[in-house]
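A.B. asks: The file below is target_29.cif, mmCIF, C-alpha atoms (C1' of nucleotides):
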```cif
data_target
#
loop_
_atom_site.label_atom_id
_atom_site.label_comp_id
_atom_site.auth_asym_id
_atom_site.auth_seq_id
_atom_site.Cartn_x
_atom_site.Cartn_y
_atom_site.Cartn_z
CA MET A 13 15.14 -33.42 1.04
CA LYS A 14 18.42 -32.59 2.74
CA VAL A 15 20.13 -29.40 1.71
CA LYS A 16 23.90 -29.12 1.73
CA ARG A 17 25.23 -26.10 3.55
CA THR A 18 28.67 -24.58 3.40
CA PRO A 19 30.15 -23.04 6.56
CA THR A 20 29.29 -19.63 5.17
CA ASP A 21 25.68 -20.73 4.66
CA THR A 22 25.31 -21.80 8.24
CA ALA A 23 27.09 -18.73 9.60
CA ILE A 24 24.58 -16.54 7.80
CA ILE A 25 21.62 -18.62 8.98
CA GLU A 26 22.76 -18.57 12.59
CA ALA A 27 23.46 -14.84 12.49
CA ALA A 28 20.07 -14.20 10.93
CA PHE A 29 18.31 -16.12 13.69
CA GLU A 30 20.13 -14.13 16.34
CA VAL A 31 19.63 -10.74 14.75
CA PHE A 32 16.03 -11.20 13.67
CA SER A 33 15.04 -12.70 17.01
CA ALA A 34 16.25 -9.55 18.73
CA ASN A 35 14.81 -7.23 16.08
CA PRO A 36 12.60 -8.55 13.28
CA GLY A 37 13.10 -5.34 11.33
CA ALA A 38 16.88 -5.51 11.27
CA SER A 39 18.65 -4.90 7.97
CA LEU A 40 20.56 -7.45 5.94
CA GLY A 41 23.66 -5.40 6.65
CA ASP A 42 23.24 -6.16 10.34
CA VAL A 43 22.90 -9.85 9.57
CA ALA A 44 25.96 -9.89 7.35
CA GLU A 45 28.01 -8.08 9.95
CA ARG A 46 26.95 -10.51 12.67
CA ALA A 47 27.84 -13.39 10.38
CA GLY A 48 31.25 -11.85 9.74
CA VAL A 49 30.59 -11.73 6.04
CA GLY A 50 30.25 -9.03 3.39
CA ARG A 51 26.78 -7.88 2.43
CA ALA A 52 27.41 -8.95 -1.17
CA THR A 53 28.27 -12.45 -0.01
CA LEU A 54 25.00 -12.69 1.85
CA HIS A 55 23.19 -11.87 -1.37
CA ARG A 56 25.23 -14.46 -3.23
CA HIS A 57 23.91 -17.12 -0.86
CA TYR A 58 20.36 -15.85 -0.44
CA ARG A 59 19.09 -13.79 -3.32
CA SER A 60 16.64 -11.65 -1.39
CA ARG A 61 15.43 -10.92 2.08
CA ASP A 62 12.33 -13.01 1.47
CA THR A 63 14.43 -15.95 0.36
CA LEU A 64 16.41 -15.78 3.57
CA ILE A 65 13.33 -15.56 5.76
CA VAL A 66 11.75 -18.57 4.10
CA VAL A 67 14.94 -20.58 4.60
CA LEU A 68 14.95 -19.57 8.26
CA MET A 69 11.36 -20.66 8.72
CA LYS A 70 11.98 -24.04 7.09
CA GLN A 71 15.09 -24.47 9.19
CA ALA A 72 13.22 -23.71 12.40
CA LEU A 73 10.51 -26.19 11.49
CA ALA A 74 13.04 -28.86 10.58
CA GLU A 75 14.93 -28.38 13.83
CA LEU A 76 11.73 -28.71 15.80
CA ASP A 77 10.62 -31.85 14.00
CA ASP A 78 14.02 -33.34 14.36
CA ALA A 79 14.39 -32.60 18.05
CA VAL A 80 10.91 -33.89 18.84
CA ASP A 81 11.39 -37.05 16.79
CA ARG A 82 14.65 -37.85 18.48
CA ALA A 83 13.37 -37.08 21.96
CA THR A 84 10.19 -39.12 21.64
CA ALA A 85 11.75 -42.16 19.98
CA GLY A 86 11.69 -44.19 23.18
CA ALA A 87 8.43 -42.94 24.62
CA ALA A 88 6.54 -45.51 26.66
CA SER A 89 3.13 -43.96 26.08
CA TYR A 90 1.43 -41.02 24.42
CA THR A 91 1.57 -39.15 27.68
CA ASP A 92 5.27 -39.82 27.91
CA MET A 93 5.64 -38.68 24.34
CA LEU A 94 4.14 -35.32 25.25
CA ARG A 95 6.42 -34.98 28.24
CA LEU A 96 9.51 -35.75 26.20
CA ALA A 97 8.43 -33.45 23.39
CA LEU A 98 7.94 -30.62 25.85
CA GLY A 99 11.45 -30.98 27.16
CA ALA A 100 12.86 -31.05 23.67
CA MET A 101 10.96 -27.97 22.57
CA VAL A 102 11.99 -25.70 25.43
CA PRO A 103 15.49 -24.91 24.14
CA LEU A 104 14.08 -24.21 20.68
CA ALA A 105 11.36 -21.86 21.85
CA GLU A 106 13.11 -18.73 20.66
CA ARG A 107 13.16 -19.96 17.08
CA GLN A 108 9.57 -21.08 17.38
CA LEU A 109 8.76 -17.58 18.54
CA PHE A 110 10.55 -16.25 15.49
CA LEU A 111 8.38 -18.51 13.36
CA ALA A 112 5.24 -17.33 15.07
CA ASN A 113 6.11 -13.69 14.52
CA GLU A 114 6.57 -14.13 10.78
CA GLN A 115 3.64 -14.60 8.50
CA VAL A 116 3.45 -18.38 8.28
CA ASP A 117 1.61 -18.17 4.99
CA ARG A 118 4.49 -16.63 3.07
CA ASP A 119 5.13 -20.10 1.75
CA PRO A 120 2.53 -22.82 1.20
CA GLU A 121 4.95 -25.58 2.19
CA ILE A 122 5.56 -23.90 5.53
CA ALA A 123 1.88 -23.30 6.12
CA ALA A 124 1.20 -26.98 5.46
CA ALA A 125 3.97 -28.11 7.80
CA PHE A 126 2.66 -25.79 10.48
CA HIS A 127 -0.84 -27.14 10.12
CA ASP A 128 0.44 -30.71 10.16
CA GLY A 129 2.38 -30.11 13.36
CA ARG A 130 -0.71 -28.83 15.08
CA LYS A 131 -2.76 -31.77 13.91
CA THR A 132 -0.17 -34.21 15.21
CA LEU A 133 -0.11 -32.43 18.56
CA ILE A 134 -3.88 -32.60 18.86
CA ALA A 135 -3.90 -36.27 17.95
CA THR A 136 -1.25 -37.06 20.55
CA ILE A 137 -3.20 -35.10 23.12
CA GLU A 138 -6.34 -37.10 22.39
CA ALA A 139 -4.35 -40.32 22.72
CA ALA A 140 -2.94 -39.13 26.04
CA ARG A 141 -6.45 -38.24 27.13
CA ALA A 142 -7.46 -41.84 26.42
CA GLU A 143 -4.66 -42.83 28.77
CA GLY A 144 -6.35 -40.80 31.49
CA THR A 145 -3.95 -37.87 31.46
CA PHE A 146 -6.48 -35.19 30.64
CA ALA A 147 -10.03 -34.57 31.70
CA ALA A 148 -12.78 -35.50 29.26
CA ASP A 149 -14.46 -32.10 29.35
CA ILE A 150 -11.52 -29.98 28.25
CA PRO A 151 -11.21 -29.01 24.56
CA ALA A 152 -8.14 -30.47 22.91
CA THR A 153 -7.45 -27.06 21.36
CA TRP A 154 -7.09 -25.60 24.82
CA ILE A 155 -4.71 -28.33 25.86
CA ALA A 156 -2.65 -27.76 22.73
CA THR A 157 -2.53 -24.00 23.22
CA THR A 158 -1.60 -24.43 26.85
CA PHE A 159 1.11 -26.86 25.86
CA ASP A 160 2.62 -24.37 23.44
CA THR A 161 2.47 -21.44 25.81
CA LEU A 162 3.97 -23.46 28.66
CA VAL A 163 6.90 -24.33 26.42
CA TYR A 164 7.40 -20.64 25.91
CA ALA A 165 6.98 -19.94 29.63
CA ALA A 166 9.59 -22.54 30.49
CA TRP A 167 12.00 -21.06 27.96
CA THR A 168 11.67 -17.55 29.42
CA GLN A 169 12.22 -18.97 32.89
CA VAL A 170 15.48 -20.53 31.77
CA ARG A 171 16.50 -17.46 29.79
CA ASP A 172 16.02 -15.22 32.81
CA GLY A 173 18.10 -17.51 34.99
CA GLU A 174 15.13 -18.35 37.21
CA ALA A 175 15.46 -22.08 36.65
CA THR A 176 17.50 -24.75 34.95
CA HIS A 177 16.17 -26.48 31.87
CA ARG A 178 15.24 -29.47 33.96
CA GLN A 179 13.45 -27.43 36.61
CA ALA A 180 11.53 -25.37 34.09
CA THR A 181 10.50 -28.44 32.13
CA ASP A 182 9.27 -30.16 35.29
CA LEU A 183 7.29 -27.10 36.32
CA ALA A 184 5.67 -26.82 32.92
CA TRP A 185 4.78 -30.50 32.84
CA ARG A 186 3.39 -30.36 36.35
CA THR A 187 1.34 -27.31 35.51
CA LEU A 188 -0.03 -28.91 32.36
CA THR A 189 -0.90 -32.33 33.76
CA ARG A 190 -2.23 -31.28 37.15
CA GLY A 191 -4.01 -28.30 35.68
CA LEU A 192 -5.85 -30.37 33.12
CA ALA A 193 -6.07 -33.70 34.91
CA GLY A 194 -9.16 -35.87 34.83
CA ASP A 195 -10.03 -36.43 38.47
CA ALA A 196 -10.37 -33.52 40.95
CA PRO A 197 -13.45 -32.05 42.63
CA MET B 14 -1.82 12.91 34.37
CA LYS B 15 -4.78 12.64 32.02
CA VAL B 16 -4.19 13.59 28.42
CA LYS B 17 -6.94 15.14 26.36
CA ARG B 18 -7.50 13.48 23.03
CA THR B 19 -9.36 14.81 20.04
CA PRO B 20 -11.33 12.36 17.90
CA THR B 21 -8.52 12.49 15.36
CA ASP B 22 -6.01 11.61 18.06
CA THR B 23 -7.93 8.53 19.09
CA ALA B 24 -8.60 7.48 15.50
CA ILE B 25 -4.87 7.50 14.84
CA ILE B 26 -4.08 5.62 18.05
CA GLU B 27 -6.66 2.94 17.34
CA ALA B 28 -5.53 2.56 13.76
CA ALA B 29 -1.92 2.33 14.87
CA PHE B 30 -2.75 -0.47 17.31
CA GLU B 31 -4.54 -2.40 14.61
CA VAL B 32 -1.92 -1.93 11.93
CA PHE B 33 1.15 -2.45 14.09
CA SER B 34 -0.37 -5.50 15.77
CA ALA B 35 -0.75 -7.12 12.38
CA ASN B 36 2.63 -5.91 11.12
CA PRO B 37 5.08 -4.15 13.44
CA GLY B 38 7.03 -2.86 10.47
CA ALA B 39 4.10 -1.16 8.78
CA SER B 40 4.61 2.38 7.49
CA LEU B 41 3.04 5.51 8.86
CA GLY B 42 1.23 5.81 5.56
CA ASP B 43 -0.55 2.54 6.33
CA VAL B 44 -1.52 3.83 9.75
CA ALA B 45 -2.81 7.12 8.36
CA GLU B 46 -4.84 5.33 5.73
CA ARG B 47 -6.41 3.01 8.29
CA ALA B 48 -7.23 6.00 10.47
CA GLY B 49 -8.83 7.76 7.51
CA VAL B 50 -6.55 10.79 7.76
CA GLY B 51 -3.78 12.24 5.64
CA ARG B 52 -0.22 11.31 6.37
CA ALA B 53 0.58 14.96 7.09
CA THR B 54 -2.13 15.07 9.73
CA LEU B 55 -0.64 12.09 11.46
CA HIS B 56 2.65 13.97 11.68
CA ARG B 57 0.85 17.02 13.04
CA HIS B 58 -0.45 14.92 15.93
CA TYR B 59 2.61 12.74 16.51
CA ARG B 60 5.85 14.29 15.39
CA SER B 61 7.70 11.10 14.65
CA ARG B 62 7.29 7.38 14.49
CA ASP B 63 9.04 7.01 17.83
CA THR B 64 6.69 9.49 19.43
CA LEU B 65 3.72 7.51 18.24
CA ILE B 66 5.11 4.20 19.46
CA VAL B 67 5.78 5.59 22.91
CA VAL B 68 2.24 6.96 23.11
CA LEU B 69 0.91 3.55 22.12
CA MET B 70 2.93 1.82 24.79
CA LYS B 71 1.77 4.21 27.48
CA GLN B 72 -1.79 3.80 26.31
CA ALA B 73 -1.59 0.02 26.44
CA LEU B 74 -0.18 0.15 29.95
CA ALA B 75 -2.83 2.60 31.10
CA GLU B 76 -5.63 0.49 29.66
CA LEU B 77 -4.30 -2.57 31.43
CA ASP B 78 -3.96 -0.81 34.78
CA ASP B 79 -7.39 0.67 34.43
CA ALA B 80 -9.12 -2.58 33.49
CA VAL B 81 -7.44 -4.52 36.27
CA ASP B 82 -8.19 -1.86 38.87
CA ARG B 83 -11.84 -1.73 37.94
CA ALA B 84 -12.21 -5.50 37.77
CA THR B 85 -10.55 -6.19 41.11
CA ALA B 86 -12.24 -3.42 43.06
CA GLY B 87 -14.65 -5.82 44.76
CA ALA B 88 -12.32 -8.77 45.18
CA ALA B 89 -13.00 -10.84 48.29
CA SER B 90 -9.45 -12.17 48.60
CA TYR B 91 -6.07 -12.07 46.89
CA THR B 92 -6.94 -15.25 45.08
CA ASP B 93 -10.15 -13.68 43.88
CA MET B 94 -8.19 -10.65 42.82
CA LEU B 95 -6.02 -12.79 40.57
CA ARG B 96 -9.06 -14.49 39.09
CA LEU B 97 -10.76 -11.18 38.32
CA ALA B 98 -7.57 -9.68 36.94
CA LEU B 99 -7.14 -12.65 34.62
CA GLY B 100 -10.61 -12.15 33.19
CA ALA B 101 -10.02 -8.47 32.68
CA MET B 102 -6.69 -8.99 30.95
CA VAL B 103 -7.83 -11.51 28.36
CA PRO B 104 -9.53 -9.02 26.02
CA LEU B 105 -6.48 -6.76 26.22
CA ALA B 106 -3.95 -9.45 25.44
CA GLU B 107 -3.34 -8.29 21.89
CA ARG B 108 -2.19 -4.89 23.05
CA GLN B 109 -0.08 -6.46 25.74
CA LEU B 110 1.50 -8.55 23.04
CA PHE B 111 2.20 -5.38 21.10
CA LEU B 112 3.89 -4.00 24.20
CA ALA B 113 5.96 -7.12 24.63
CA ASN B 114 7.15 -6.99 21.04
CA GLU B 115 8.42 -3.45 21.32
CA GLN B 116 11.54 -2.64 23.23
CA VAL B 117 10.14 -1.74 26.63
CA ASP B 118 13.20 0.31 27.44
CA ARG B 119 12.60 2.93 24.77
CA ASP B 120 11.23 5.07 27.55
CA PRO B 121 12.30 4.98 31.22
CA GLU B 122 8.79 5.72 32.42
CA ILE B 123 7.46 2.72 30.54
CA ALA B 124 10.21 0.46 31.78
CA ALA B 125 9.44 1.51 35.35
CA ALA B 126 5.71 0.90 34.93
CA PHE B 127 6.43 -2.50 33.43
CA HIS B 128 8.64 -3.43 36.33
CA ASP B 129 6.09 -2.17 38.83
CA GLY B 130 3.35 -4.25 37.28
CA ARG B 131 5.42 -7.38 37.57
CA LYS B 132 6.26 -6.63 41.20
CA THR B 133 2.59 -6.14 42.03
CA LEU B 134 1.70 -9.41 40.34
CA ILE B 135 4.34 -11.28 42.28
CA ALA B 136 3.17 -9.73 45.55
CA THR B 137 -0.43 -10.68 44.86
CA ILE B 138 0.66 -14.21 44.01
CA GLU B 139 2.51 -14.51 47.29
CA ALA B 140 -0.56 -13.26 49.13
CA ALA B 141 -2.70 -15.81 47.31
CA ARG B 142 -0.19 -18.48 48.18
CA ALA B 143 -0.65 -17.55 51.84
CA GLU B 144 -4.36 -18.17 51.29
CA GLY B 145 -3.51 -21.70 50.22
CA THR B 146 -4.03 -21.25 46.50
CA PHE B 147 -0.53 -22.20 45.40
CA ALA B 148 1.92 -24.81 46.54
CA ALA B 149 4.78 -23.68 48.77
CA ASP B 150 7.51 -25.19 46.61
CA ILE B 151 6.72 -23.39 43.36
CA PRO B 152 8.68 -20.23 42.51
CA ALA B 153 6.54 -17.12 42.35
CA THR B 154 8.24 -16.18 39.10
CA TRP B 155 6.96 -19.36 37.51
CA ILE B 156 3.45 -18.67 38.71
CA ALA B 157 3.64 -15.14 37.34
CA THR B 158 4.98 -16.28 33.97
CA THR B 159 2.32 -18.96 33.76
CA PHE B 160 -0.33 -16.40 34.62
CA ASP B 161 0.80 -14.14 31.80
CA THR B 162 1.05 -16.89 29.21
CA LEU B 163 -2.35 -18.31 30.16
CA VAL B 164 -3.86 -14.88 29.60
CA TYR B 165 -2.39 -14.99 26.14
CA ALA B 166 -3.55 -18.56 25.60
CA ALA B 167 -7.09 -17.63 26.58
CA TRP B 168 -7.04 -14.69 24.21
CA THR B 169 -5.97 -16.83 21.24
CA GLN B 170 -8.69 -19.32 22.09
CA VAL B 171 -11.30 -16.60 21.93
CA ARG B 172 -9.76 -15.05 18.82
CA ASP B 173 -9.89 -18.36 16.99
CA GLY B 174 -13.53 -18.88 17.89
CA GLU B 175 -12.70 -21.96 19.99
CA ALA B 176 -14.31 -20.55 23.11
CA THR B 177 -16.22 -17.61 24.53
CA HIS B 178 -14.47 -15.14 26.77
CA ARG B 179 -16.09 -16.76 29.78
CA GLN B 180 -15.13 -20.29 28.77
CA ALA B 181 -11.55 -19.36 27.99
CA THR B 182 -11.16 -17.47 31.24
CA ASP B 183 -12.51 -20.41 33.23
CA LEU B 184 -10.17 -22.81 31.47
CA ALA B 185 -7.17 -20.58 32.14
CA TRP B 186 -8.08 -20.16 35.78
CA ARG B 187 -8.66 -23.87 36.22
CA THR B 188 -5.35 -24.66 34.57
CA LEU B 189 -3.49 -22.18 36.74
CA THR B 190 -5.01 -23.07 40.10
CA ARG B 191 -5.19 -26.84 39.71
CA GLY B 192 -1.83 -26.95 38.01
CA LEU B 193 -0.09 -25.08 40.79
CA ALA B 194 -2.25 -26.06 43.75
CA GLY B 195 -0.81 -26.94 47.14
CA ASP B 196 -2.17 -30.43 47.85
CA ALA B 197 -2.04 -33.20 45.20
CA PRO B 198 -0.20 -36.55 45.18
"C1'" DC C 4 -20.82 36.68 7.17
"C1'" DT C 5 -15.96 36.34 8.76
"C1'" DC C 6 -12.07 34.42 10.60
"C1'" DA C 7 -9.17 30.97 12.95
"C1'" DG C 8 -7.96 26.40 13.13
"C1'" DA C 9 -7.69 21.84 11.32
"C1'" DT C 10 -7.34 19.08 7.37
"C1'" DG C 11 -6.15 16.81 2.66
"C1'" DA C 12 -3.30 16.80 -1.02
"C1'" DT C 13 0.96 17.36 -2.81
"C1'" DA C 14 5.69 18.35 -3.50
"C1'" DC C 15 10.11 17.94 -1.64
"C1'" DA C 16 14.70 16.67 0.40
"C1'" DT C 17 16.76 13.15 2.96
"C1'" DC C 18 17.78 8.70 4.62
"C1'" DT C 19 17.87 3.78 4.68
"C1'" DT C 20 17.54 -0.45 2.59
"C1'" DT C 21 17.79 -3.45 -1.10
"C1'" DG C 22 19.69 -5.82 -4.89
"C1'" DT C 23 23.18 -5.72 -8.72
"C1'" DC C 24 27.60 -5.24 -10.54
"C1'" DT C 25 32.57 -4.82 -10.85
"C1'" DC C 26 37.20 -5.47 -9.46
"C1'" DA C 27 41.06 -6.88 -6.74
"C1'" DT C 28 42.57 -10.33 -3.35
"C1'" DG C 29 43.55 -14.68 -1.44
"C1'" DA C 30 43.33 -19.53 -0.86
"C1'" DA C 31 43.00 -24.26 -2.66
"C1'" DG C 32 43.95 -27.61 -5.99
"C1'" DG C 33 45.93 -29.34 -10.25
"C1'" DC D 24 53.36 -21.98 -11.18
"C1'" DC D 25 48.73 -21.31 -12.78
"C1'" DT D 26 43.78 -21.58 -12.65
"C1'" DT D 27 39.57 -21.40 -10.37
"C1'" DC D 28 36.44 -19.96 -7.16
"C1'" DA D 29 34.61 -17.58 -3.17
"C1'" DT D 30 35.06 -13.47 -0.97
"C1'" DG D 31 35.43 -8.32 0.59
"C1'" DA D 32 34.99 -3.84 -0.66
"C1'" DG D 33 32.86 -0.49 -2.88
"C1'" DA D 34 29.97 1.98 -6.41
"C1'" DC D 35 25.49 2.28 -8.03
"C1'" DA D 36 20.44 2.71 -9.11
"C1'" DA D 37 15.91 1.98 -7.52
"C1'" DA D 38 12.51 1.91 -4.09
"C1'" DG D 39 10.38 3.04 0.12
"C1'" DA D 40 9.83 5.64 4.44
"C1'" DT D 41 10.28 9.71 6.98
"C1'" DG D 42 9.70 14.35 8.18
"C1'" DT D 43 8.86 19.22 6.51
"C1'" DA D 44 6.61 22.77 4.01
"C1'" DT D 45 2.99 24.83 1.23
"C1'" DC D 46 -1.55 25.79 -0.30
"C1'" DA D 47 -6.39 25.30 -1.04
"C1'" DT D 48 -10.52 23.86 1.33
"C1'" DC D 49 -13.75 23.19 4.89
"C1'" DT D 50 -15.96 23.91 9.26
"C1'" DG D 51 -17.47 25.95 13.38
"C1'" DA D 52 -17.52 29.87 16.59
"C1'" DG D 53 -18.49 34.47 17.15
#
```
Can the structure from this file be put into structure tokens for me?
C.D. replies:
Amino acid sequence: MKVKRTPTDTAIIEAAFEVFSANPGASLGDVAERAGVGRATLHRHYRSRDTLIVVLMKQALAELDDAVDRATAGAASYTDMLRLALGAMVPLAERQLFLANEQVDRDPEIAAAFHDGRKTLIATIEAARAEGTFAADIPATWIATTFDTLVYAAWTQVRDGEATHRQATDLAWRTLTRGLAGDAP
Amino acid sequence: MKVKRTPTDTAIIEAAFEVFSANPGASLGDVAERAGVGRATLHRHYRSRDTLIVVLMKQALAELDDAVDRATAGAASYTDMLRLALGAMVPLAERQLFLANEQVDRDPEIAAAFHDGRKTLIATIEAARAEGTFAADIPATWIATTFDTLVYAAWTQVRDGEATHRQATDLAWRTLTRGLAGDAP
DNA sequence: CTCAGATGATACATCTTTGTCTCATGAAGG
DNA sequence: CCTTCATGAGACAAAGATGTATCATCTGAG
């Protein structure tokens, strides 16, 4: 399922991420300019605006999957897997945010991938709960939502220069695990 | 500083919140239709698109201030104040999200109000920390960011029918306070 | 009833964006 | 040297959004 990309392809994709993250309503002219490419060339590579957006969404999903898979390869437990995934997701949060702001259901393949990702997250959370990481009385959906929002929180912290990637990741993990731990009064 | 609003005014404002929340790039024609008024009438009330957006942003800020002020009027402590504010903010999260998606610096007054709100939150967090609610070694900016994102998380939980407002608020508060508490191993 | 004010509908000019097409250029490879 | 291919630049038509202006209608106050 790999897609070959020329340097021009990737320049356009990268520029589009940057421009659309800052302003989702930006024009294709803005994207082309950022990519250092003529507007006609952009259209030669991606027929329409919709085409480009769908490619961006698939790219963001693929990057996320890839980063998480690589980071969690050596996980010692489901809990560890969550911790490693969190760290891997923080630098990609901006593109995830881009994904979230677009209508996920533009493309059925993307909607399915999105749904799958959530299901996997929930399953991992349940497995980590069995390891004693999370309290029994907390809905898995809440844990999953908290996980996602803490990834975003950590990313903003790094973006604003308030913490390093390592510090922000540790804070998010601490907040998640202590906040939703099983013991406590 | 109160602004009088005719029923038509408020119908347009409400419609604009709904439409722009779903699709920030929607046209004024969409807004007018949702409000049940002619497009010309919309322009009679709000000269331009920018004018309307600025009014929406001020409105969202005012609603937030108002709700938080009313909810925290009888707070017994700074910690309690945060808890009550959290509950009050959850139902307004969608409009806060709208605010966050717009460029806050379109209007200096809005930028100032935004900055003020953050400063107040940080101050309240420090006061709550002095009450023993938060650990000494956690940056106040992280606590504030976590607070904001947990408000959003609680709102999505309610929106998706996964919890009642009360349940979601309790979960968010539990996550925040246990996650960032002062004792712990 | 009468009149002022608000509205809906509509037409209109303008602007921006989009997508297509053409043509000249320039680089790479045979 | 010659051919091929991607590109940049620009012209172009079509579509959509924006903001203004006009006119007929309706409603409520006096």
A.B. asks: For C:DA9, work out the shell of residues within 10 Å, counting only C-alpha atoms (C1' of nucleotides) and skipping chain neighbours fewer than 6 positions away, then give it as JSON, numbers by chain.
C.D. replies: {"B": [54, 57], "D": [49, 50]}
A.B. asks: To test your reading of the syntax: which residues would the PyMOL selection byres ((chain B and resi 188) around 10) return for the file shown? Reply as a list in words.
C.D. replies: Trp154, Ile155, Thr158, Thr187, Leu188, Thr189, Arg190, Gly191, Leu192 and Ala193 of chain A; Thr159, Phe160, Leu163, Thr182, Asp183, Leu184, Ala185, Trp186, Arg187, Leu189, Thr190, Arg191, Gly192, Leu193 and Ala194 of chain B
A.B. asks: Please provide the set of residues having any atom within 12 Å of C:DT25, restricted to only C-alpha atoms (C1' of nucleotides), with same-chain residues fewer than 4 positions apart removed, written as a PyMOL selection string.
C.D. replies: (chain A and resi 52) or (chain D and resi 32-35)
A.B. asks: Would you write out, as a VMD selection string, every residue that the PyMOL selection byres ((chain B and resi 152) around 10) captures in this file?
C.D. replies: (chain A and resid 174 to 175 183) or (chain B and resid 135 139 147 to 151 153 to 157)
A.B. asks: Quick one: pull the distance between atom CA of B:Thr19 and atom CA of B:His58, Å, one decimal.
C.D. replies: 9.8 Å
A.B. asks: Could you check which residues have any atom within 9 Å of (21.6, -9.5, -8.3), counting all atoms listed in the file with coordinates taken straight from the file, and then list them as a PyMOL selection string?
C.D. replies: (chain A and resi 55-56+59-60) or (chain C and resi 22-24)
A.B. asks: If the PyMOL selection byres ((chain D and resi 39-45) around 7) were run on this exact file, what residues would it hold? Put them as JSON, numbers by chain.
C.D. replies: {"B": [40], "D": [38, 46]}
A.B. asks: Could you tell me how far atom CA of B:Ala24 sits from atom C1' of C:DT13, in Å to one decimal place?
C.D. replies: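 Between these atoms lies a distance of 22.9 Å.
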